[in-house]
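Structure first, then comments.
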Amino acid sequence: MKILFSLRILKQQTKSAAHLLVRLMVIFACAGSTSSYAVTVSDLQTSNDVEIKSWLADSGSDSRTGSDTDQNQLPSFSVNQQVILYVEVATPRWFTGGTRIEAVEIPNVIAKQRNQLATNYTERKGGVTWSRQRWEITLYPVKSGTYSIPPLAVNVQVSAPGGGNSSGTLYTKPMVFNATLPSGLVSDQSPWFTASNVDVEQEWKQSNDELKVGDVITRKVTIQAQDSLSVLLPNLLDSESSAYFQGYPQPHRLADSQTRGDYQSSRVEETVYVIQQGGDFSLPEHQFQWWNVKTNQLETVTVEGKHFHARHTPASFVKANLHALIAVVVTVAVALAVFFAARRFYRTHPKPPWLLFWFDVQKGKWPQARGKLYRHLRQTTNTLEMNKVASDTVWSKTSVQIQAGEEKANVFMKMWRLISGKQSARRWGKLPKALPNLDKLHKAR
C-alpha cells in the first residue's frame with residue numbers, strides 16, 4: 001500500500017511540472033508575438049487614442065481663435081502684443097514620458113516658451129477619462145504683416161494598449177494670423193510696446209548729502225509690465241553726460257516670469273553719475289509710450305528728472321573757470337605793463353593836463369584843480385565864462401555847481417569831460433561842409 005501511495009504522489013508532481021512548463025512556453029510565445037509588432041503614436045492617433053489640438057489667443061484669454069478647427073477665420077492682433085499659442089495633447093490612457101515641442105521660428109516674431117511646465121488635467125469624454133496636457137508658447141510680432149505658423153513637431157510617449165510604451169511625433173496644423181498697428185499715433189519705427197498693465201519706480205542715491213565735485217549720484221529705474229516681454233521694454237538711461245556730470249550705465253537686468261498664466265516682465269536700469277563740475281545742474285526726465293490692451297488707448301509715462309547743486313573744489317574751480325582766469329591774468333599783466341611803461345615815459349616827459357587835474361582832484365587840492373579846469377576851458381573855447389559856452393541843461397547845472405564853489409570829485413570830473421566834448425566838436429567843426437565845385441573853379445580860370 002505504501003508503494004502505491006508513493007507512485008500516485010510522484011505521478012501528480014509530474015503532471016504539475018508538465019503543466020507549469022506548458023504555461024511558461026505559452027507566455028514566452030505570447031511575449032514573442034507582441035514584440036514583433038510595436039504600437040506607435042501614429043497608430044494611436046488613427047484609433048483616436050491620442051489627439052492633438054492647437055489655437056491662438058490673446059493675453060488673459062484661451063478662446064480658440066484661429067484653431068485647427070477654425071481655419072476660415074483669420075485672427076488679428078496688435079503689433080508687440082502678447083499672443084499665446086496653445087498646444088494640447090490628450091489620450092484616454094496616460095502619459096509615460098516627457099512631452100517636447102519643437103521651437104517656433106517665425107521672421108519678425110519673438111517666440112518664447114516662458115512656461116516650461118504643462119497644465120495637466122483630466123476630462124470625461126463618452127464615459128472615458130482622458131488625460132490632457134496643455135502647453136503655452138508666447139509670440140510677439142514686432143512688425144505689421146501676416147504671419148504663418150508652420151506645423152510643429154510634438155514628441156509624446158503614452159502607454160500602449162497591450163502594455164509597454166508607445167512614443168512618436170505628432171504635428172500641429174499650420175495657422176495664420178495678422179498683426180496691425182493699434183493706432184495712427186504709433187509706428188513700426190517709434191519705440192513703444194504693448195501690455196495690460198505697467199508700473200514704474202525710480203530710486204535716487206547720493207554718496208554725500210552735500211554734493212561736491214567727485215561725488216556720485218546713482219539713478220535706478222524699474223519698469224514692470226504685465227503681458228509683455230522684457231526685451232521690448234524701452235531703454236531710458238543710456239548715454240547721459242554733460243559738462244557737469246559723466247554717466248556710467250550699469251548692465252541692464254531683464255527678467256521674465258510666469259505664474260499661473262500671469263506673465264510678468266521687468267527691466268531694471270541703473271546709471272552712476274560722477275560730478276565733474278560745481279554748480280546747479282539737472283538730470284533729465286524721460287518719457288515712453290505703451291499701448292494698453294485693456295482700454296485700447298496709448299498711454300504716456302514720464303520718469304521725472306531731478307535738480308542738484310554741487311560745490312567746487314579748488315582744482316575743479318580752476319578747471320571750470322580756466323578761460324576766465326587766463327583772461328584776468330592777461331588783462332592784469334597788460335595793465336601793469338602799460339602802467340610801468342607810462343611811468344617810465346613820464347619821468348622824462350611832461351605829464352598830460354588831464355592826469356595832473358586827476359591827481360589834484362584825488363588829493364582834494366580844489367584851488368589847483370579849479371585853476372586847471374579854467375585853463376582847460378580857455379584853451380578849448382577861448383573864454384573864461386562857463387555860462388557863455390553852452391546853454392543846455394547838463395552844462396548849465398554843472399557850471400553853476402563849479403561857480404558856486406562846490407568841491408566834489410564827480411562834479412569836477414564831469415565838467416572836465418564836458419569841456420573836452422566841446423574841444424572834439426570844435427575840431428570836427430573846422431572841417432569844410434562840402435568840397436569845392438571843381439567845374440566852377442575851372443571856368444573861373
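Here's how to read the names in the C-alpha cells: chain A, B, ... by the order shown, residue numbers from 1 in each chain, ligand numbers from 1 in the order shown.
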
Would you please extract all helix (DSSP H, G or I) residues from segment 32-220 of chain A, as assigned by DSSP on the backbone, and give them as number ranges by chain?
-> A: 32-35, 41-46

Generate the output file for the selected residues, C-alpha atoms, as an mmCIF file, in the first residue's frame.
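Saved file again.cif follows:
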data_model
loop_
_atom_site.group_PDB
_atom_site.id
_atom_site.type_symbol
_atom_site.label_atom_id
_atom_site.label_comp_id
_atom_site.auth_asym_id
_atom_site.auth_seq_id
_atom_site.Cartn_x
_atom_site.Cartn_y
_atom_site.Cartn_z
ATOM 1 C CA GLY A 32 7.486 36.987 -28.752
ATOM 2 C CA SER A 33 4.355 37.688 -30.738
ATOM 3 C CA THR A 34 3.736 41.083 -29.077
ATOM 4 C CA SER A 35 7.320 42.196 -29.535
ATOM 5 C CA VAL A 41 1.664 57.039 -31.520
ATOM 6 C CA SER A 42 0.522 57.397 -35.121
ATOM 7 C CA ASP A 43 -1.458 54.173 -34.713
ATOM 8 C CA LEU A 44 -2.976 55.503 -31.514
ATOM 9 C CA GLN A 45 -3.870 58.774 -33.287
ATOM 10 C CA THR A 46 -5.575 56.763 -36.060
#

Determine, counting only C-alpha atoms, which protein, DNA and RNA residues have an atom within 7 Å of an atom of segment 211-225 of chain A; residues of the same chain fewer than 2 positions away are not included. Present the result as a PyMOL selection string.
-> chain A and resi 195+197-209+227-228+264-278+309-313+316

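Nearest to Ser167 of chain A of all the residues A:Thr99, A:Gln116, A:Ser78, A:Ser230 is A:Thr99, counting only C-alpha atoms.
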
Tell me which protein, DNA and RNA residues are within 9 Å of Ile101 of chain A, counting only C-alpha atoms, leaving out same-chain ones fewer than 5 positions away, and put them as a list in words.
-> Val87, Trp135, Leu152, Ala153, Val154, Asn155 and Val156 of chain A

Next, the residues of the selection above should be written as a CSV table (one decimal), in the first residue's frame with N, CA and C atoms.
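Contents of the output file again.csv:
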chain,number,residue,atom,x,y,z
A,87,VAL,N,-0.9,74.5,-27.4
A,87,VAL,CA,-0.8,73.2,-27.9
A,87,VAL,C,-1.3,72.2,-26.9
A,135,TRP,N,0.1,73.1,-23.3
A,135,TRP,CA,1.3,73.9,-23.4
A,135,TRP,C,1.1,75.3,-23.9
A,152,LEU,N,4.1,72.2,-36.1
A,152,LEU,CA,5.1,72.0,-35.1
A,152,LEU,C,5.1,70.5,-34.7
A,153,ALA,N,6.4,70.0,-34.6
A,153,ALA,CA,6.5,68.6,-34.2
A,153,ALA,C,6.4,68.5,-32.6
A,154,VAL,N,5.6,67.6,-32.2
A,154,VAL,CA,5.4,67.4,-30.7
A,154,VAL,C,5.7,65.9,-30.4
A,155,ASN,N,6.8,65.7,-29.7
A,155,ASN,CA,7.2,64.3,-29.3
A,155,ASN,C,6.5,63.9,-28.0
A,156,VAL,N,5.7,62.8,-28.0
A,156,VAL,CA,4.9,62.3,-26.9
A,156,VAL,C,5.2,60.9,-26.6

Show which residues sit within 7 Å of segment 385-400 of chain A, as a ChimeraX atom specification. Count only C-alpha atoms, and ignore same-chain residues fewer than 3 positions away.
-> /A:403-404,411,415

Between atom CA of Thr91 of chain A and atom CA of Gly162 of chain A lies a distance of 15.2 Å
